[in-house]
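One file, upload_22.cif, is given below (mmCIF, C-alpha atoms and all ligand atoms; chains and numbers go by the auth columns).
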data_coords
#
loop_
_atom_site.group_PDB
_atom_site.id
_atom_site.type_symbol
_atom_site.label_atom_id
_atom_site.label_comp_id
_atom_site.label_asym_id
_atom_site.label_seq_id
_atom_site.Cartn_x
_atom_site.Cartn_y
_atom_site.Cartn_z
_atom_site.B_iso_or_equiv
_atom_site.auth_seq_id
_atom_site.auth_asym_id
ATOM 1 C CA MET A 1 -0.778 7.682 -30.316 0.00 1415 A
ATOM 2 C CA THR A 2 -0.099 7.268 -34.008 0.00 1416 A
ATOM 3 C CA ILE A 3 3.061 8.889 -35.382 0.00 1417 A
ATOM 4 C CA VAL A 4 3.777 8.519 -39.100 0.00 1418 A
ATOM 5 C CA ARG A 5 6.817 9.987 -40.809 0.00 1419 A
ATOM 6 C CA THR A 6 7.496 10.318 -44.544 0.00 1420 A
ATOM 7 C CA GLU A 7 10.978 9.219 -45.636 0.00 1421 A
ATOM 8 C CA HIS A 8 12.489 9.222 -49.092 0.00 1422 A
ATOM 9 C CA LYS A 9 14.007 5.950 -50.322 0.00 1423 A
ATOM 10 C CA THR A 10 15.917 5.328 -53.532 0.00 1424 A
ATOM 11 C CA CYS A 11 14.330 2.627 -55.676 0.00 1425 A
ATOM 12 C CA ALA A 12 16.735 -0.245 -56.405 0.00 1426 A
ATOM 13 C CA VAL A 13 15.283 -0.673 -59.923 0.00 1427 A
ATOM 14 C CA CYS A 14 15.134 2.878 -61.368 0.00 1428 A
ATOM 15 C CA ASP A 15 17.380 4.775 -58.920 0.00 1429 A
ATOM 16 C CA VAL A 16 14.712 7.467 -58.370 0.00 1430 A
ATOM 17 C CA SER A 17 13.741 8.582 -54.863 0.00 1431 A
ATOM 18 C CA SER A 18 10.165 7.881 -53.673 0.00 1432 A
ATOM 19 C CA PRO A 19 8.309 8.981 -50.532 0.00 1433 A
ATOM 20 C CA VAL A 20 7.635 6.117 -48.098 0.00 1434 A
ATOM 21 C CA ARG A 21 5.411 6.344 -45.018 0.00 1435 A
ATOM 22 C CA VAL A 22 7.109 4.987 -41.890 0.00 1436 A
ATOM 23 C CA TRP A 23 5.009 4.317 -38.769 0.00 1437 A
ATOM 24 C CA LEU A 24 6.955 5.136 -35.620 0.00 1438 A
ATOM 25 C CA SER A 25 4.029 4.222 -33.354 0.00 1439 A
ATOM 26 C CA TYR A 26 0.322 3.552 -33.622 0.00 1440 A
ATOM 27 C CA SER A 27 -2.804 2.962 -31.565 0.00 1441 A
ATOM 28 C CA SER A 28 -3.734 -0.661 -32.065 0.00 1442 A
ATOM 29 C CA PHE A 29 -7.436 -0.323 -31.125 0.00 1443 A
ATOM 30 C CA GLU A 30 -6.827 -3.110 -28.605 0.00 1444 A
ATOM 31 C CA LYS A 31 -10.457 -3.129 -27.504 0.00 1445 A
ATOM 32 C CA MET A 32 -11.625 -4.124 -30.949 0.00 1446 A
ATOM 33 C CA GLY A 33 -8.880 -6.641 -31.715 0.00 1447 A
ATOM 34 C CA PRO A 34 -8.391 -8.251 -35.115 0.00 1448 A
ATOM 35 C CA SER A 35 -11.057 -9.278 -37.592 0.00 1449 A
ATOM 36 C CA LEU A 36 -11.555 -12.998 -38.226 0.00 1450 A
ATOM 37 C CA ASP A 37 -9.165 -12.741 -41.205 0.00 1451 A
ATOM 38 C CA GLY A 38 -6.495 -11.019 -39.095 0.00 1452 A
ATOM 39 C CA CYS A 39 -6.894 -7.343 -40.050 0.00 1453 A
ATOM 40 C CA GLN A 40 -5.949 -5.136 -37.095 0.00 1454 A
ATOM 41 C CA PRO A 41 -7.681 -1.716 -37.179 0.00 1455 A
ATOM 42 C CA GLY A 42 -5.297 1.140 -36.463 0.00 1456 A
ATOM 43 C CA ALA A 43 -2.224 -0.842 -37.551 0.00 1457 A
ATOM 44 C CA PRO A 44 -0.197 0.279 -40.601 0.00 1458 A
ATOM 45 C CA ASN A 45 -1.862 -2.316 -42.846 0.00 1459 A
ATOM 46 C CA ALA A 46 -1.770 -0.186 -45.999 0.00 1460 A
ATOM 47 C CA ASP A 47 1.759 1.165 -45.499 0.00 1461 A
ATOM 48 C CA LEU A 48 3.800 -2.011 -45.077 0.00 1462 A
ATOM 49 C CA VAL A 49 4.480 -2.180 -48.817 0.00 1463 A
ATOM 50 C CA GLN A 50 6.788 0.376 -50.437 0.00 1464 A
ATOM 51 C CA PHE A 51 5.835 1.456 -53.942 0.00 1465 A
ATOM 52 C CA CYS A 52 7.947 3.383 -56.454 0.00 1466 A
ATOM 53 C CA ARG A 53 5.652 5.760 -58.332 0.00 1467 A
ATOM 54 C CA HIS A 54 8.327 6.234 -61.025 0.00 1468 A
ATOM 55 C CA CYS A 55 8.842 2.644 -62.286 0.00 1469 A
ATOM 56 C CA GLY A 56 6.142 0.783 -60.335 0.00 1470 A
ATOM 57 C CA TYR A 57 8.504 -1.459 -58.333 0.00 1471 A
ATOM 58 C CA ALA A 58 6.848 -2.735 -55.155 0.00 1472 A
ATOM 59 C CA SER A 59 8.571 -4.416 -52.240 0.00 1473 A
ATOM 60 C CA TYR A 60 8.607 -4.486 -48.441 0.00 1474 A
ATOM 61 C CA GLU A 61 11.988 -2.741 -48.970 0.00 1475 A
ATOM 62 C CA ILE A 62 12.403 -0.901 -52.312 0.00 1476 A
ATOM 63 C CA THR A 63 16.107 -0.258 -51.721 0.00 1477 A
ATOM 64 C CA GLU A 64 16.683 -4.013 -52.205 0.00 1478 A
ATOM 65 C CA VAL A 65 17.162 -5.345 -55.744 0.00 1479 A
ATOM 66 C CA PRO A 66 14.466 -7.858 -56.819 0.00 1480 A
ATOM 67 C CA GLN A 67 15.527 -11.289 -58.102 0.00 1481 A
ATOM 68 C CA CYS A 68 13.402 -10.935 -61.252 0.00 1482 A
ATOM 69 C CA PRO A 69 13.272 -7.196 -62.168 0.00 1483 A
ATOM 70 C CA GLY A 70 11.919 -8.085 -65.647 0.00 1484 A
ATOM 71 C CA ILE A 71 8.496 -8.772 -64.066 0.00 1485 A
ATOM 72 C CA ILE A 72 7.861 -5.019 -63.991 0.00 1486 A
ATOM 73 C CA LYS A 73 7.785 -4.938 -67.804 0.00 1487 A
ATOM 74 C CA THR A 74 5.245 -7.756 -68.191 0.00 1488 A
ATOM 75 C CA LYS A 75 1.716 -6.994 -69.410 0.00 1489 A
ATOM 76 C CA PHE A 76 -0.031 -8.282 -66.273 0.00 1490 A
ATOM 77 C CA TYR A 77 2.181 -6.073 -64.070 0.00 1491 A
ATOM 78 C CA ARG A 78 1.600 -2.991 -66.265 0.00 1492 A
ATOM 79 C CA ASP A 79 -2.161 -3.699 -66.211 0.00 1493 A
ATOM 80 C CA VAL A 80 -2.159 -3.420 -62.401 0.00 1494 A
ATOM 81 C CA LEU A 81 -0.246 -0.124 -62.596 0.00 1495 A
ATOM 82 C CA LYS A 82 -2.865 1.226 -65.058 0.00 1496 A
ATOM 83 C CA HIS A 83 -5.784 0.242 -62.781 0.00 1497 A
ATOM 84 C CA ARG A 84 -7.879 3.362 -62.184 0.00 1498 A
ATOM 85 C CA TRP A 85 -9.994 2.336 -59.199 0.00 1499 A
ATOM 86 C CA ILE A 86 -7.401 1.252 -56.645 0.00 1500 A
ATOM 87 C CA ASP A 87 -4.964 3.322 -54.630 0.00 1501 A
ATOM 88 C CA ASP A 88 -1.176 3.027 -54.586 0.00 1502 A
ATOM 89 C CA SER A 89 -1.037 0.778 -51.487 0.00 1503 A
ATOM 90 C CA CYS A 90 -3.344 -1.739 -53.116 0.00 1504 A
ATOM 91 C CA LYS A 91 -1.352 -1.576 -56.381 0.00 1505 A
ATOM 92 C CA GLY A 92 1.812 -2.042 -54.325 0.00 1506 A
ATOM 93 C CA TYR A 93 0.517 -5.267 -52.705 0.00 1507 A
ATOM 94 C CA LEU A 94 -0.753 -6.643 -56.029 0.00 1508 A
ATOM 95 C CA CYS A 95 2.575 -5.897 -57.744 0.00 1509 A
ATOM 96 C CA LEU A 96 4.505 -7.361 -54.803 0.00 1510 A
ATOM 97 C CA THR A 97 2.436 -10.544 -55.208 0.00 1511 A
ATOM 98 C CA PHE A 98 3.894 -11.055 -58.712 0.00 1512 A
ATOM 99 C CA PHE A 99 7.439 -10.966 -57.296 0.00 1513 A
ATOM 100 C CA LEU A 100 6.565 -13.386 -54.493 0.00 1514 A
ATOM 101 C CA VAL A 101 4.916 -15.836 -56.909 0.00 1515 A
ATOM 102 C CA ALA A 102 8.025 -15.695 -59.098 0.00 1516 A
ATOM 103 C CA ASP A 103 10.006 -16.724 -56.001 0.00 1517 A
ATOM 104 C CA ASP A 104 7.503 -19.575 -55.273 0.00 1518 A
ATOM 105 C CA ASP A 105 6.697 -17.781 -51.993 0.00 1519 A
ATOM 106 C CA TYR A 106 2.966 -18.533 -51.984 0.00 1520 A
ATOM 107 C CA LYS A 107 2.650 -17.910 -48.258 0.00 1521 A
ATOM 108 C CA GLY A 108 3.998 -14.376 -48.780 0.00 1522 A
ATOM 109 C CA ALA A 109 1.767 -14.003 -51.861 0.00 1523 A
ATOM 110 C CA PHE A 110 -1.250 -15.022 -49.747 0.00 1524 A
ATOM 111 C CA TRP A 111 -0.613 -12.218 -47.259 0.00 1525 A
ATOM 112 C CA SER A 112 0.139 -9.551 -49.893 0.00 1526 A
ATOM 113 C CA SER A 113 -3.101 -10.480 -51.724 0.00 1527 A
ATOM 114 C CA LEU A 114 -5.088 -10.366 -48.478 0.00 1528 A
ATOM 115 C CA ARG A 115 -3.548 -7.005 -47.548 0.00 1529 A
ATOM 116 C CA ALA A 116 -4.640 -5.683 -50.977 0.00 1530 A
ATOM 117 C CA ALA A 117 -8.175 -6.802 -50.034 0.00 1531 A
ATOM 118 C CA TRP A 118 -7.924 -5.033 -46.653 0.00 1532 A
ATOM 119 C CA VAL A 119 -6.951 -1.779 -48.414 0.00 1533 A
ATOM 120 C CA CYS A 120 -10.069 -2.183 -50.588 0.00 1534 A
ATOM 121 C CA ASP A 121 -12.190 -2.848 -47.457 0.00 1535 A
ATOM 122 C CA ALA A 122 -10.983 0.468 -46.007 0.00 1536 A
ATOM 123 C CA ASP A 123 -11.765 2.230 -49.310 0.00 1537 A
ATOM 124 C CA ASP A 124 -15.239 0.604 -49.628 0.00 1538 A
ATOM 125 C CA TYR A 125 -14.156 -0.854 -52.974 0.00 1539 A
ATOM 126 C CA TRP A 126 -16.111 -4.109 -52.678 0.00 1540 A
ATOM 127 C CA GLN A 127 -15.163 -5.549 -56.054 0.00 1541 A
ATOM 128 C CA GLY A 128 -11.481 -5.423 -55.040 0.00 1542 A
ATOM 129 C CA SER A 129 -12.266 -6.799 -51.559 0.00 1543 A
ATOM 130 C CA GLU A 130 -13.734 -9.936 -53.130 0.00 1544 A
ATOM 131 C CA GLU A 131 -11.376 -10.257 -56.104 0.00 1545 A
ATOM 132 C CA TYR A 132 -8.200 -10.084 -53.998 0.00 1546 A
ATOM 133 C CA ARG A 133 -9.625 -12.448 -51.361 0.00 1547 A
ATOM 134 C CA LEU A 134 -10.200 -14.945 -54.169 0.00 1548 A
ATOM 135 C CA GLN A 135 -6.611 -14.362 -55.251 0.00 1549 A
ATOM 136 C CA ALA A 136 -5.460 -14.931 -51.646 0.00 1550 A
ATOM 137 C CA LEU A 137 -7.393 -18.226 -51.559 0.00 1551 A
ATOM 138 C CA GLU A 138 -5.620 -19.346 -54.736 0.00 1552 A
ATOM 139 C CA MET A 139 -2.246 -18.463 -53.147 0.00 1553 A
ATOM 140 C CA MET A 140 -3.232 -20.446 -50.035 0.00 1554 A
ATOM 141 C CA ARG A 141 -4.120 -23.435 -52.251 0.00 1555 A
ATOM 142 C CA ARG A 142 -0.690 -23.305 -53.924 0.00 1556 A
ATOM 143 C CA SER A 143 1.048 -22.930 -50.556 0.00 1557 A
ATOM 144 C CA HIS A 144 -0.809 -25.973 -49.187 0.00 1558 A
ATOM 145 C CA GLU A 145 0.158 -27.905 -52.330 0.00 1559 A
ATOM 146 C CA ALA A 146 3.768 -27.165 -51.379 0.00 1560 A
ATOM 147 C CA GLY A 147 3.032 -28.383 -47.818 0.00 1561 A
ATOM 148 C CA ILE A 148 3.318 -24.913 -46.233 0.00 1562 A
ATOM 149 C CA ALA A 149 0.655 -23.367 -43.963 0.00 1563 A
ATOM 150 C CA VAL A 150 0.112 -19.620 -44.432 0.00 1564 A
ATOM 151 C CA SER A 151 -0.430 -19.030 -40.698 0.00 1565 A
ATOM 152 C CA GLU A 152 0.845 -20.491 -37.430 0.00 1566 A
ATOM 153 C CA SER A 153 -1.184 -23.692 -37.684 0.00 1567 A
ATOM 154 C CA GLN A 154 -3.366 -25.791 -39.943 0.00 1568 A
ATOM 155 C CA GLU A 155 -6.408 -24.918 -37.814 0.00 1569 A
ATOM 156 C CA GLN A 156 -5.709 -21.205 -38.165 0.00 1570 A
ATOM 157 C CA ASP A 157 -5.440 -21.746 -41.941 0.00 1571 A
ATOM 158 C CA HIS A 158 -8.882 -23.398 -41.917 0.00 1572 A
ATOM 159 C CA LEU A 159 -10.333 -20.406 -40.082 0.00 1573 A
ATOM 160 C CA LEU A 160 -8.759 -18.004 -42.603 0.00 1574 A
ATOM 161 C CA GLN A 161 -9.940 -20.101 -45.522 0.00 1575 A
ATOM 162 C CA THR A 162 -13.486 -20.217 -44.116 0.00 1576 A
ATOM 163 C CA ASP A 163 -13.578 -16.488 -43.479 0.00 1577 A
ATOM 164 C CA LEU A 164 -12.278 -15.583 -46.955 0.00 1578 A
ATOM 165 C CA LEU A 165 -14.791 -17.909 -48.618 0.00 1579 A
ATOM 166 C CA ARG A 166 -17.604 -16.428 -46.508 0.00 1580 A
ATOM 167 C CA ARG A 167 -16.559 -12.849 -47.356 0.00 1581 A
ATOM 168 C CA THR A 168 -16.699 -13.699 -51.069 0.00 1582 A
ATOM 169 C CA GLY A 169 -20.146 -15.313 -50.714 0.00 1583 A
ATOM 170 C CA SER A 170 -18.935 -18.888 -51.327 0.00 1584 A
ATOM 171 C CA PHE A 171 -21.094 -20.159 -48.461 0.00 1585 A
ATOM 172 C CA GLN A 172 -21.399 -23.799 -49.509 0.00 1586 A
ATOM 173 C CA GLN A 173 -17.643 -24.250 -49.785 0.00 1587 A
ATOM 174 C CA ALA A 174 -17.096 -22.275 -46.554 0.00 1588 A
ATOM 175 C CA MET A 175 -19.555 -24.561 -44.717 0.00 1589 A
ATOM 176 C CA SER A 176 -17.824 -27.672 -45.968 0.00 1590 A
ATOM 177 C CA ILE A 177 -14.409 -26.406 -44.742 0.00 1591 A
ATOM 178 C CA VAL A 178 -15.724 -25.271 -41.358 0.00 1592 A
ATOM 179 C CA MET A 179 -17.549 -28.574 -40.693 0.00 1593 A
ATOM 180 C CA GLU A 180 -14.423 -30.550 -41.540 0.00 1594 A
ATOM 181 C CA ALA A 181 -12.293 -28.246 -39.342 0.00 1595 A
ATOM 182 C CA LEU A 182 -14.724 -28.601 -36.407 0.00 1596 A
ATOM 183 C CA LYS A 183 -14.479 -32.392 -36.558 0.00 1597 A
ATOM 184 C CA GLY A 184 -10.739 -32.299 -35.896 0.00 1598 A
ATOM 185 C CA CYS A 185 -10.692 -29.281 -33.562 0.00 1599 A
ATOM 186 C CA ARG A 186 -9.562 -29.993 -29.991 0.00 1600 A
ATOM 187 C CA GLU A 187 -8.743 -26.432 -28.969 0.00 1601 A
ATOM 188 C CA GLN A 188 -11.470 -24.497 -27.120 0.00 1602 A
ATOM 189 C CA LYS A 189 -10.786 -20.999 -28.477 0.00 1603 A
ATOM 190 C CA MET A 190 -10.472 -22.194 -32.073 0.00 1604 A
ATOM 191 C CA GLY A 191 -13.678 -24.215 -31.650 0.00 1605 A
ATOM 192 C CA ARG A 192 -15.533 -21.044 -30.601 0.00 1606 A
ATOM 193 C CA LEU A 193 -14.211 -19.143 -33.626 0.00 1607 A
ATOM 194 C CA LEU A 194 -15.165 -21.938 -36.025 0.00 1608 A
ATOM 195 C CA ARG A 195 -18.676 -22.270 -34.546 0.00 1609 A
ATOM 196 C CA PHE A 196 -19.080 -18.491 -34.848 0.00 1610 A
ATOM 197 C CA GLU A 197 -18.068 -18.747 -38.534 0.00 1611 A
ATOM 198 C CA ARG A 198 -20.610 -21.551 -38.993 0.00 1612 A
ATOM 199 C CA ARG A 199 -23.365 -19.305 -37.633 0.00 1613 A
ATOM 200 C CA LEU A 200 -22.339 -16.421 -39.944 0.00 1614 A
ATOM 201 C CA ILE A 201 -22.361 -18.793 -42.931 0.00 1615 A
ATOM 202 C CA GLU A 202 -25.826 -20.117 -41.971 0.00 1616 A
ATOM 203 C CA ASN A 203 -27.029 -16.492 -41.889 0.00 1617 A
ATOM 204 C CA GLY A 204 -25.504 -15.747 -45.320 0.00 1618 A
ATOM 205 C CA ASP A 205 -23.428 -12.991 -43.681 0.00 1619 A
ATOM 206 C CA LYS A 206 -20.604 -11.578 -45.884 0.00 1620 A
ATOM 207 C CA ALA A 207 -19.672 -8.689 -43.559 0.00 1621 A
ATOM 208 C CA VAL A 208 -16.508 -8.190 -41.536 0.00 1622 A
ATOM 209 C CA HIS A 209 -16.673 -9.744 -38.035 0.00 1623 A
ATOM 210 C CA TRP A 210 -14.262 -9.707 -35.116 0.00 1624 A
ATOM 211 C CA VAL A 211 -12.525 -12.290 -32.989 0.00 1625 A
ATOM 212 C CA LYS A 212 -13.932 -10.636 -29.850 0.00 1626 A
ATOM 213 C CA GLU A 213 -17.507 -11.083 -31.094 0.00 1627 A
ATOM 214 C CA ALA A 214 -16.861 -14.799 -31.271 0.00 1628 A
ATOM 215 C CA GLU A 215 -15.353 -14.748 -27.792 0.00 1629 A
ATOM 216 C CA GLY A 216 -18.496 -13.020 -26.458 0.00 1630 A
ATOM 217 C CA VAL A 217 -16.499 -10.044 -25.142 0.00 1631 A
ATOM 218 C CA ALA A 218 -18.433 -6.786 -25.009 0.00 1632 A
ATOM 219 C CA TRP A 219 -16.518 -3.884 -26.485 0.00 1633 A
ATOM 220 C CA ALA A 220 -17.655 -0.361 -27.074 0.00 1634 A
HETATM 221 ZN ZN ZN B . 11.582 2.709 -59.278 0.00 1701 A
#

Before we go any further, please render this structure as structure tokens.
Amino acid sequence: MTIVRTEHKTCAVCDVSSPVRVWLSYSSFEKMGPSLDGCQPGAPNADLVQFCRHCGYASYEITEVPQCPGIIKTKFYRDVLKHRWIDDSCKGYLCLTFFLVADDDYKGAFWSSLRAAWVCDADDYWQGSEEYRLQALEMMRRSHEAGIAVSESQEQDHLLQTDLLRRTGSFQQAMSIVMEALKGCREQKMGRLLRFERRLIENGDKAVHWVKEAEGVAWA
């Protein structure tokens, strides 16, 4: 059962109270499981970020003071706040990404960008779904440059990278990554997932697909 409560939190930047949705419990849609890029239906994906509607500060905890509060006044930050086609959760993740980049936390910036894309998936806003996946890929590239994987393992990163490239229609690049990853893959489950990705890429499939499809588990 999903129970969501609205709390009011005082923004550490402007000192104004904002409503924040807090999930006390949720149905995780266990039968379906996560998508190949890790989105879990039924989980509080859109509500993990807290967003102050007064000053536009976004954080996983808006009562905590940011290290670089001046970012909120920059043009690129204000441009996100003015965006007309995306909802507040998506704006929150995009704004949060600016703070994480300023802290050189590219792993965190990868996940906030990808979560922005998931919000767009749920809203059927396909331009945002692709644009923020491309942004996530750039954050992954920077994280790898710093020698930091964005997930639990290098192989899992390759799967994520392949899936994000496929979802943005970059099939040639996705195929090159997946073939390279398959060469070094020794783990049976990961091998299945990568071969499933390869088949989707061969079919020119940009749609969302699920880990359980790759595992051949019937779910209804
Ligand atoms: Zn504020």

Item to complete: Could you tell me which residues the PyMOL selection byres (((not hetatm)) within 12 of (chain A and resi 1701)) returns for this structure, as a PyMOL selection string?
Response: chain A and resi 1423-1433+1464-1473+1475-1480+1483+1486+1506

Worksheet entry | A:Leu1438, A:Leu1579, A:Val1494, A:Leu1596 ranked by distance to Thr1416 in chain A, top pick (using all atoms listed in the file) |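 Of the candidates, the smallest distance to Thr1416 in chain A is held by A:Leu1438.
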
Worksheet item: Of the candidates A:Asp1538, A:Glu1569, A:Glu1545, A:Asp1502, which shows the shortest atom-to-atom distance to Glu1601 in chain A, using all atoms listed in the file?
Response: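 Among the listed residues, the smallest separation from Glu1601 in chain A belongs to A:Glu1569.
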
Practice prompt. Using all atoms listed in the file, find the one residue out of A:Glu1594, A:Asp1501, A:Glu1544, A:Glu1559 that sits nearest to Asp1518 in chain A.
Written response: A:Glu1559

Worksheet entry | Output of the PyMOL selection byres (((chain A and resi 1504) around 8) and not hetatm), listed as a PyMOL selection string | chain A and resi 1460+1500-1503+1505-1508+1529-1531+1533-1534

Worksheet item: Do you have the CA of Leu1551 in chain A-CA of Leu1578 in chain A distance handy?
Response: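 According to the coordinates, CA of Leu1551 in chain A and CA of Leu1578 in chain A are separated by 7.2 Å.
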
Exercise: Thr1511 in chain A partners within 10 Å, all atoms listed in the file, chain neighbours under 6 positions left out, as a PDB file with C-alpha atoms, in the frame of the given file:
ATOM      1  CA  ALA A1472       6.848  -2.735 -55.155  1.00  0.00           C
ATOM      2  CA  SER A1473       8.571  -4.416 -52.240  1.00  0.00           C
ATOM      3  CA  TYR A1491       2.181  -6.073 -64.070  1.00  0.00           C
ATOM      4  CA  LYS A1505      -1.352  -1.576 -56.381  1.00  0.00           C
ATOM      5  CA  ASP A1517      10.006 -16.724 -56.001  1.00  0.00           C
ATOM      6  CA  ASP A1519       6.697 -17.781 -51.993  1.00  0.00           C
ATOM      7  CA  TYR A1520       2.966 -18.533 -51.984  1.00  0.00           C
ATOM      8  CA  GLY A1522       3.998 -14.376 -48.780  1.00  0.00           C
ATOM      9  CA  ALA A1523       1.767 -14.003 -51.861  1.00  0.00           C
ATOM     10  CA  PHE A1524      -1.250 -15.022 -49.747  1.00  0.00           C
ATOM     11  CA  TRP A1525      -0.613 -12.218 -47.259  1.00  0.00           C
ATOM     12  CA  SER A1526       0.139  -9.551 -49.893  1.00  0.00           C
ATOM     13  CA  SER A1527      -3.101 -10.480 -51.724  1.00  0.00           C
ATOM     14  CA  ALA A1530      -4.640  -5.683 -50.977  1.00  0.00           C
ATOM     15  CA  GLN A1549      -6.611 -14.362 -55.251  1.00  0.00           C
ATOM     16  CA  ALA A1550      -5.460 -14.931 -51.646  1.00  0.00           C
ATOM     17  CA  MET A1553      -2.246 -18.463 -53.147  1.00  0.00           C
TER      18      MET A1553
END

Worksheet entry | Pairwise distance for CA of Asn1459 in chain A and CA of Gly1630 in chain A, rounded to one decimal in Å | 25.7 Å
